[in-house]
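J.: Dropping in upload.pdb, with PDB, C-alpha atoms.
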```pdb
ATOM      1  CA  MET N   1      17.024 -18.378 -25.378  1.00  0.00           C
ATOM      2  CA  ALA N   2      18.311 -19.839 -22.127  1.00  0.00           C
ATOM      3  CA  ILE N   3      16.886 -18.490 -18.887  1.00  0.00           C
ATOM      4  CA  ARG N   4      19.539 -17.306 -16.421  1.00  0.00           C
ATOM      5  CA  GLN N   5      19.947 -19.676 -13.488  1.00  0.00           C
ATOM      6  CA  GLY N   6      18.367 -18.245 -10.318  1.00  0.00           C
ATOM      7  CA  LEU N   7      16.396 -15.547 -12.096  1.00  0.00           C
ATOM      8  CA  ASP N   8      12.627 -15.825 -11.853  1.00  0.00           C
ATOM      9  CA  SER N   9       9.634 -13.491 -11.777  1.00  0.00           C
ATOM     10  CA  GLU N  10       9.827 -13.118  -7.982  1.00  0.00           C
ATOM     11  CA  THR N  11      13.491 -12.085  -8.151  1.00  0.00           C
ATOM     12  CA  VAL N  12      12.664  -9.568 -10.875  1.00  0.00           C
ATOM     13  CA  LEU N  13       9.761  -8.196  -8.813  1.00  0.00           C
ATOM     14  CA  LEU N  14      11.866  -7.890  -5.655  1.00  0.00           C
ATOM     15  CA  ALA N  15      14.611  -6.092  -7.567  1.00  0.00           C
ATOM     16  CA  ALA N  16      12.066  -3.640  -8.986  1.00  0.00           C
ATOM     17  CA  ILE N  17      10.661  -3.031  -5.497  1.00  0.00           C
ATOM     18  CA  GLU N  18      14.158  -2.365  -4.177  1.00  0.00           C
ATOM     19  CA  ILE N  19      14.815   0.194  -6.915  1.00  0.00           C
ATOM     20  CA  ALA N  20      11.447   1.835  -6.248  1.00  0.00           C
ATOM     21  CA  ASP N  21      11.968   2.016  -2.485  1.00  0.00           C
ATOM     22  CA  GLN N  22      15.519   3.349  -2.751  1.00  0.00           C
ATOM     23  CA  GLN N  23      15.304   5.605  -5.794  1.00  0.00           C
ATOM     24  CA  GLY N  24      11.619   6.152  -6.565  1.00  0.00           C
ATOM     25  CA  ILE N  25       9.046   4.445  -8.749  1.00  0.00           C
ATOM     26  CA  GLU N  26       9.867   6.688 -11.705  1.00  0.00           C
ATOM     27  CA  LEU N  27      13.362   5.141 -11.869  1.00  0.00           C
ATOM     28  CA  VAL N  28      12.017   1.614 -12.227  1.00  0.00           C
ATOM     29  CA  THR N  29      12.739   0.987 -15.870  1.00  0.00           C
ATOM     30  CA  LEU N  30      13.550  -2.221 -17.670  1.00  0.00           C
ATOM     31  CA  ALA N  31      17.053  -0.922 -18.348  1.00  0.00           C
ATOM     32  CA  ALA N  32      17.631  -0.131 -14.649  1.00  0.00           C
ATOM     33  CA  LEU N  33      16.206  -3.478 -13.650  1.00  0.00           C
ATOM     34  CA  ALA N  34      18.374  -5.360 -16.139  1.00  0.00           C
ATOM     35  CA  ALA N  35      21.460  -3.505 -14.887  1.00  0.00           C
ATOM     36  CA  LYS N  36      20.605  -4.329 -11.272  1.00  0.00           C
ATOM     37  CA  LEU N  37      20.111  -7.998 -12.105  1.00  0.00           C
ATOM     38  CA  ASN N  38      23.178  -8.060 -14.376  1.00  0.00           C
ATOM     39  CA  VAL N  39      21.228  -9.299 -17.402  1.00  0.00           C
ATOM     40  CA  LYS N  40      20.345  -7.892 -20.787  1.00  0.00           C
ATOM     41  CA  THR N  41      16.988  -6.122 -20.956  1.00  0.00           C
ATOM     42  CA  PRO N  42      15.400  -8.671 -23.351  1.00  0.00           C
ATOM     43  CA  SER N  43      16.091 -11.396 -20.756  1.00  0.00           C
ATOM     44  CA  LEU N  44      13.533  -9.795 -18.461  1.00  0.00           C
ATOM     45  CA  TYR N  45      10.780 -10.744 -20.894  1.00  0.00           C
ATOM     46  CA  ASN N  46      11.287 -14.365 -19.871  1.00  0.00           C
ATOM     47  CA  HIS N  47       9.851 -13.380 -16.474  1.00  0.00           C
ATOM     48  CA  ILE N  48       7.590 -10.357 -17.033  1.00  0.00           C
ATOM     49  CA  LYS N  49       5.544  -9.126 -19.986  1.00  0.00           C
ATOM     50  CA  GLY N  50       6.991  -5.626 -19.832  1.00  0.00           C
ATOM     51  CA  LEU N  51       6.976  -2.523 -17.660  1.00  0.00           C
ATOM     52  CA  PRO N  52       3.156  -2.256 -17.415  1.00  0.00           C
ATOM     53  CA  ASP N  53       3.018  -5.876 -16.227  1.00  0.00           C
ATOM     54  CA  LEU N  54       5.757  -5.198 -13.689  1.00  0.00           C
ATOM     55  CA  ARG N  55       3.900  -2.135 -12.353  1.00  0.00           C
ATOM     56  CA  LYS N  56       0.746  -4.244 -12.056  1.00  0.00           C
ATOM     57  CA  LEU N  57       2.642  -6.879 -10.080  1.00  0.00           C
ATOM     58  CA  MET N  58       4.072  -4.165  -7.842  1.00  0.00           C
ATOM     59  CA  SER N  59       0.603  -2.701  -7.244  1.00  0.00           C
ATOM     60  CA  GLN N  60      -0.771  -6.101  -6.387  1.00  0.00           C
ATOM     61  CA  ARG N  61       2.114  -6.805  -3.992  1.00  0.00           C
ATOM     62  CA  SER N  62       1.683  -3.421  -2.315  1.00  0.00           C
ATOM     63  CA  LEU N  63      -2.024  -4.015  -1.710  1.00  0.00           C
ATOM     64  CA  GLN N  64      -1.329  -7.494  -0.338  1.00  0.00           C
ATOM     65  CA  GLN N  65       1.370  -6.220   2.002  1.00  0.00           C
ATOM     66  CA  ILE N  66      -0.720  -3.299   3.252  1.00  0.00           C
ATOM     67  CA  ARG N  67      -3.505  -5.717   4.097  1.00  0.00           C
ATOM     68  CA  GLU N  68      -1.089  -8.102   5.824  1.00  0.00           C
ATOM     69  CA  ALA N  69       0.392  -5.236   7.844  1.00  0.00           C
ATOM     70  CA  MET N  70      -3.068  -4.125   8.963  1.00  0.00           C
ATOM     71  CA  VAL N  71      -4.156  -7.674   9.819  1.00  0.00           C
ATOM     72  CA  GLU N  72      -1.068  -8.162  11.975  1.00  0.00           C
ATOM     73  CA  ALA N  73      -1.506  -4.774  13.665  1.00  0.00           C
ATOM     74  CA  VAL N  74      -5.113  -5.364  14.729  1.00  0.00           C
ATOM     75  CA  LEU N  75      -4.698  -8.818  16.254  1.00  0.00           C
ATOM     76  CA  GLY N  76      -6.382  -8.790  19.653  1.00  0.00           C
ATOM     77  CA  LYS N  77      -7.922  -5.358  19.078  1.00  0.00           C
ATOM     78  CA  SER N  78     -11.411  -4.202  18.196  1.00  0.00           C
ATOM     79  CA  GLY N  79     -13.394  -1.017  17.661  1.00  0.00           C
ATOM     80  CA  ASP N  80     -11.471   2.239  17.728  1.00  0.00           C
ATOM     81  CA  ASP N  81      -8.268   0.503  18.847  1.00  0.00           C
ATOM     82  CA  ALA N  82      -8.364  -1.752  15.785  1.00  0.00           C
ATOM     83  CA  LEU N  83      -8.996   1.129  13.393  1.00  0.00           C
ATOM     84  CA  LEU N  84      -6.204   3.183  14.952  1.00  0.00           C
ATOM     85  CA  ALA N  85      -3.834   0.226  14.671  1.00  0.00           C
ATOM     86  CA  ALA N  86      -4.847  -0.318  11.039  1.00  0.00           C
ATOM     87  CA  GLY N  87      -4.262   3.353  10.242  1.00  0.00           C
ATOM     88  CA  PHE N  88      -0.816   3.296  11.794  1.00  0.00           C
ATOM     89  CA  ALA N  89       0.016   0.039  10.019  1.00  0.00           C
ATOM     90  CA  TYR N  90      -0.914   1.627   6.686  1.00  0.00           C
ATOM     91  CA  VAL N  91       1.246   4.707   7.275  1.00  0.00           C
ATOM     92  CA  ASN N  92       4.130   2.627   8.623  1.00  0.00           C
ATOM     93  CA  PHE N  93       3.999   0.452   5.506  1.00  0.00           C
ATOM     94  CA  VAL N  94       4.406   3.577   3.373  1.00  0.00           C
ATOM     95  CA  ARG N  95       7.302   4.718   5.560  1.00  0.00           C
ATOM     96  CA  LYS N  96       9.086   1.403   5.003  1.00  0.00           C
ATOM     97  CA  GLN N  97       8.240   0.897   1.333  1.00  0.00           C
ATOM     98  CA  PRO N  98       7.583   4.275  -0.280  1.00  0.00           C
ATOM     99  CA  GLY N  99       8.385   3.170  -3.821  1.00  0.00           C
ATOM    100  CA  LEU N 100       6.233   0.077  -3.633  1.00  0.00           C
ATOM    101  CA  TYR N 101       3.421   2.218  -2.240  1.00  0.00           C
ATOM    102  CA  ASP N 102       3.813   4.687  -5.112  1.00  0.00           C
ATOM    103  CA  ALA N 103       3.362   1.775  -7.509  1.00  0.00           C
ATOM    104  CA  MET N 104       0.049   0.979  -5.826  1.00  0.00           C
ATOM    105  CA  ALA N 105      -1.049   4.594  -5.543  1.00  0.00           C
ATOM    106  CA  ALA N 106      -0.799   4.865  -9.333  1.00  0.00           C
ATOM    107  CA  LEU N 107      -3.027   1.755  -9.726  1.00  0.00           C
ATOM    108  CA  PRO N 108      -2.215   0.928 -13.332  1.00  0.00           C
ATOM    109  CA  ASP N 109      -5.389  -1.016 -14.085  1.00  0.00           C
ATOM    110  CA  LEU N 110      -8.197  -1.368 -11.558  1.00  0.00           C
ATOM    111  CA  GLU N 111      -9.971  -3.726 -13.939  1.00  0.00           C
ATOM    112  CA  ASP N 112      -7.105  -6.207 -13.844  1.00  0.00           C
ATOM    113  CA  PRO N 113      -8.550  -9.196 -11.945  1.00  0.00           C
ATOM    114  CA  GLN N 114      -5.566  -9.649  -9.621  1.00  0.00           C
ATOM    115  CA  VAL N 115      -5.240  -5.958  -8.730  1.00  0.00           C
ATOM    116  CA  LYS N 116      -8.998  -5.725  -8.301  1.00  0.00           C
ATOM    117  CA  GLU N 117      -9.008  -8.762  -5.996  1.00  0.00           C
ATOM    118  CA  ALA N 118      -6.121  -7.410  -3.886  1.00  0.00           C
ATOM    119  CA  SER N 119      -7.871  -4.038  -3.613  1.00  0.00           C
ATOM    120  CA  THR N 120     -11.163  -5.710  -2.686  1.00  0.00           C
ATOM    121  CA  GLN N 121      -9.404  -7.675   0.061  1.00  0.00           C
ATOM    122  CA  VAL N 122      -8.162  -4.431   1.647  1.00  0.00           C
ATOM    123  CA  VAL N 123     -11.655  -2.918   1.554  1.00  0.00           C
ATOM    124  CA  MET N 124     -13.263  -6.085   2.917  1.00  0.00           C
ATOM    125  CA  PHE N 125     -10.781  -6.170   5.784  1.00  0.00           C
ATOM    126  CA  ILE N 126     -11.579  -2.600   6.819  1.00  0.00           C
ATOM    127  CA  LEU N 127     -15.302  -3.342   6.485  1.00  0.00           C
ATOM    128  CA  ARG N 128     -14.844  -6.231   8.949  1.00  0.00           C
ATOM    129  CA  LEU N 129     -13.179  -3.812  11.359  1.00  0.00           C
ATOM    130  CA  LEU N 130     -16.270  -1.618  11.092  1.00  0.00           C
ATOM    131  CA  GLU N 131     -18.767  -4.375  11.969  1.00  0.00           C
ATOM    132  CA  PRO N 132     -18.944  -3.426  15.684  1.00  0.00           C
ATOM    133  CA  TYR N 133     -20.210   0.028  14.655  1.00  0.00           C
ATOM    134  CA  HIS N 134     -23.368  -1.441  13.048  1.00  0.00           C
ATOM    135  CA  LEU N 135     -23.230   0.902  10.073  1.00  0.00           C
ATOM    136  CA  SER N 136     -25.332   0.463   6.976  1.00  0.00           C
ATOM    137  CA  GLU N 137     -23.430  -0.904   3.983  1.00  0.00           C
ATOM    138  CA  GLU N 138     -23.396   2.497   2.322  1.00  0.00           C
ATOM    139  CA  ASP N 139     -22.256   4.295   5.481  1.00  0.00           C
ATOM    140  CA  ALA N 140     -19.513   1.730   6.031  1.00  0.00           C
ATOM    141  CA  LEU N 141     -18.224   2.228   2.492  1.00  0.00           C
ATOM    142  CA  HIS N 142     -18.149   5.999   3.038  1.00  0.00           C
ATOM    143  CA  VAL N 143     -16.146   5.409   6.220  1.00  0.00           C
ATOM    144  CA  VAL N 144     -13.692   3.193   4.305  1.00  0.00           C
ATOM    145  CA  ARG N 145     -13.230   5.970   1.739  1.00  0.00           C
ATOM    146  CA  GLY N 146     -12.675   8.519   4.479  1.00  0.00           C
ATOM    147  CA  PHE N 147     -10.243   6.249   6.313  1.00  0.00           C
ATOM    148  CA  ARG N 148      -8.234   5.621   3.144  1.00  0.00           C
ATOM    149  CA  SER N 149      -8.238   9.323   2.313  1.00  0.00           C
ATOM    150  CA  ILE N 150      -6.817  10.134   5.732  1.00  0.00           C
ATOM    151  CA  VAL N 151      -4.062   7.533   5.797  1.00  0.00           C
ATOM    152  CA  HIS N 152      -3.159   7.986   2.124  1.00  0.00           C
ATOM    153  CA  GLY N 153      -3.094  11.765   2.477  1.00  0.00           C
ATOM    154  CA  PHE N 154      -1.027  11.672   5.653  1.00  0.00           C
ATOM    155  CA  ALA N 155       1.422   9.129   4.250  1.00  0.00           C
ATOM    156  CA  SER N 156       1.738  10.982   0.934  1.00  0.00           C
ATOM    157  CA  LEU N 157       2.417  14.316   2.603  1.00  0.00           C
ATOM    158  CA  GLU N 158       4.952  12.730   4.917  1.00  0.00           C
ATOM    159  CA  MET N 159       6.645  10.938   2.009  1.00  0.00           C
ATOM    160  CA  LYS N 160       7.030  14.228   0.137  1.00  0.00           C
ATOM    161  CA  ASN N 161       8.469  15.930   3.240  1.00  0.00           C
ATOM    162  CA  GLY N 162       5.305  17.950   3.707  1.00  0.00           C
ATOM    163  CA  PHE N 163       5.498  17.951   7.517  1.00  0.00           C
ATOM    164  CA  ARG N 164       8.382  20.212   8.417  1.00  0.00           C
ATOM    165  CA  MET N 165       7.229  21.512  11.792  1.00  0.00           C
ATOM    166  CA  ASN N 166       8.935  20.097  14.825  1.00  0.00           C
ATOM    167  CA  LEU N 167       5.916  18.088  15.985  1.00  0.00           C
ATOM    168  CA  GLU N 168       5.669  14.362  16.595  1.00  0.00           C
ATOM    169  CA  ARG N 169       4.129  12.956  13.416  1.00  0.00           C
ATOM    170  CA  ASP N 170       2.658   9.881  15.069  1.00  0.00           C
ATOM    171  CA  GLU N 171       0.846  12.134  17.527  1.00  0.00           C
ATOM    172  CA  SER N 172      -0.595  14.117  14.620  1.00  0.00           C
ATOM    173  CA  LEU N 173      -1.736  10.894  12.972  1.00  0.00           C
ATOM    174  CA  ARG N 174      -3.266   9.617  16.215  1.00  0.00           C
ATOM    175  CA  ARG N 175      -5.186  12.882  16.683  1.00  0.00           C
ATOM    176  CA  LEU N 176      -6.364  12.860  13.074  1.00  0.00           C
ATOM    177  CA  LEU N 177      -7.631   9.283  13.244  1.00  0.00           C
ATOM    178  CA  THR N 178      -9.179   9.766  16.679  1.00  0.00           C
ATOM    179  CA  THR N 179     -11.045  12.854  15.489  1.00  0.00           C
ATOM    180  CA  TYR N 180     -12.323  10.917  12.472  1.00  0.00           C
ATOM    181  CA  LEU N 181     -13.507   8.064  14.674  1.00  0.00           C
ATOM    182  CA  ARG N 182     -15.300  10.462  17.006  1.00  0.00           C
ATOM    183  CA  GLY N 183     -16.992  12.102  14.043  1.00  0.00           C
ATOM    184  CA  MET N 184     -17.956   8.721  12.655  1.00  0.00           C
ATOM    185  CA  ALA N 185     -19.663   7.838  15.937  1.00  0.00           C
ATOM    186  CA  LYS N 186     -21.720  11.028  15.769  1.00  0.00           C
ATOM    187  CA  GLY N 187     -22.544  10.741  12.069  1.00  0.00           C
TER     188      GLY N 187
END
```
Please re-express this file's structure in structure tokens.
T.:
Amino acid sequence: MAIRQGLDSETVLLAAIEIADQQGIELVTLAALAAKLNVKTPSLYNHIKGLPDLRKLMSQRSLQQIREAMVEAVLGKSGDDALLAAGFAYVNFVRKQPGLYDAMAALPDLEDPQVKEASTQVVMFILRLLEPYHLSEEDALHVVRGFRSIVHGFASLEMKNGFRMNLERDESLRRLLTTYLRGMAKG
């Protein structure tokens, strides 16, 4: 079977991400993807192994992009300023790419080596941000869990239109993260 000129795994992945971000992760199907790319569904198998493989690739890409967004946001910052910037970068990533984030939030297979590595890179980055706090390894990992819980929870609620009051959302996020950081310093 001839492979369509210009179609490759990256093009397929980007098309799936576009569908997810515009319509929702649940509407990323091989049929929808084939229609978007103007190919027959079996042609996709030249570039991906199937829908589970595609979701894995999307999860991996989401984790990589979240880490990149946080790295960029914290340049020149340290301590609380760096953690605040990382938290905002995380939430802003979700605002820009909600479908891609949903693919990651579902984490199809944490034992997959590539997804596991991308996830580990996010954790290691946040652990580096925590070095100035001189926490034990265990305490630092608890802080990472708490940090992720806050930004994931905030972003998820916002994504599902859970914040309907007429209050500045970024101010709420800043207060939430600042309170967590203060508590961390006391803990």
J.: Could you pull the residues within 12 Å of Val94 in chain N, counting all atoms listed in the file, minus those fewer than 2 positions along the same chain, as JSON, numbers by chain?
T.: {"N": [21, 62, 63, 65, 66, 69, 87, 88, 89, 90, 91, 92, 96, 97, 98, 99, 100, 101, 102, 103, 104, 105, 151, 152, 153, 154, 155, 156, 157, 158, 159, 160]}
J.: Please indicate the distance in Å from CA of Arg175 in chain N to CA of Arg61 in chain N, rounded to one decimal place.
T.: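 Interatomic distance, CA of Arg175 in chain N to CA of Arg61 in chain N: 29.5 Å.
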J.: Please provide the set of residues having any atom within 6 Å of range 71-76 of chain N, restricted to all atoms listed in the file, with same-chain residues fewer than 3 positions apart removed, written as a PDB file with C-alpha atoms, in the frame of the given file.
T.:
```pdb
ATOM      1  CA  GLU N  68      -1.089  -8.102   5.824  1.00  0.00           C
ATOM      2  CA  ALA N  82      -8.364  -1.752  15.785  1.00  0.00           C
ATOM      3  CA  ALA N  85      -3.834   0.226  14.671  1.00  0.00           C
TER       4      ALA N  85
END
```
J.: Measuring atom to atom with all atoms listed in the file, identify which of N:Arg95, N:Gly79, N:Asn46, N:Ala185 is nearest to Gln22 in chain N.
T.: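 With all atoms listed in the file as the atom set, the closest residue is N:Arg95.
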J.: Which residue is closest to Ala86 in chain N? Choose from N:Arg174, N:Arg55, N:Lys36, N:Lys116 and count all atoms listed in the file.
T.: N:Arg174
J.: Using Å and a single decimal, report how far CA of Gln121 in chain N sits from CA of Val12 in chain N.
T.: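 So the answer is 24.7 Å.
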J.: Check the smallest atom-to-atom distance from each of N:Val123, N:Met58, N:Leu130, N:Pro52 to Ile19 in chain N using only C-alpha atoms, then report the winner.
T.: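 The answer is N:Met58, which sits nearest to Ile19 in chain N.
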J.: For this file, the PyMOL selection byres ((chain N and resi 131) around 12) selects which residues, as an MDAnalysis selection string?
T.: chainID N and resid 78:80 82:83 124:130 132:137 139:141 143:144
J.: Axis-aligned box over every listed atom of range 12-22 of chain N, padded by 8 Å per side: centre and edges in Å to one decimal, as JSON?
T.:
```
{"center_x": 12.6, "center_y": -3.1, "center_z": -6.7, "size_x": 21.8, "size_y": 28.9, "size_z": 24.4}
```
J.: What would the selection look like, as a PyMOL selection string, if the PyMOL selection byres ((chain N and resi 31-33) around 10) were run on the coordinates I just shared?
T.: chain N and resi 12-13+15-19+27-30+34-42+44
J.: Please provide the set of residues having any atom within 10 Å of Gln64 in chain N, restricted to all atoms listed in the file, with same-chain residues fewer than 6 positions apart removed, written as a ChimeraX atom specification.
T.: /N:58,115,117-119,121-122
J.: Expressed in Å to a single decimal, how great is the separation between CA of Leu177 in chain N and CA of Leu84 in chain N?
T.: 6.5 Å
J.: Using only C-alpha atoms for the distances, tell me which of N:Phe93, N:Arg182, N:Leu176, N:Ser9 is nearest to Arg67 in chain N.
T.: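 Residue with the minimum atom-to-atom distance to Arg67 in chain N: N:Phe93.
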J.: Ranking N:Asn166, N:Leu54, N:Arg145, N:Asn161 by minimum distance to Tyr180 in chain N and counting all atoms listed in the file, which one comes first?
T.: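 Result for the nearest residue to Tyr180 in chain N: N:Arg145.
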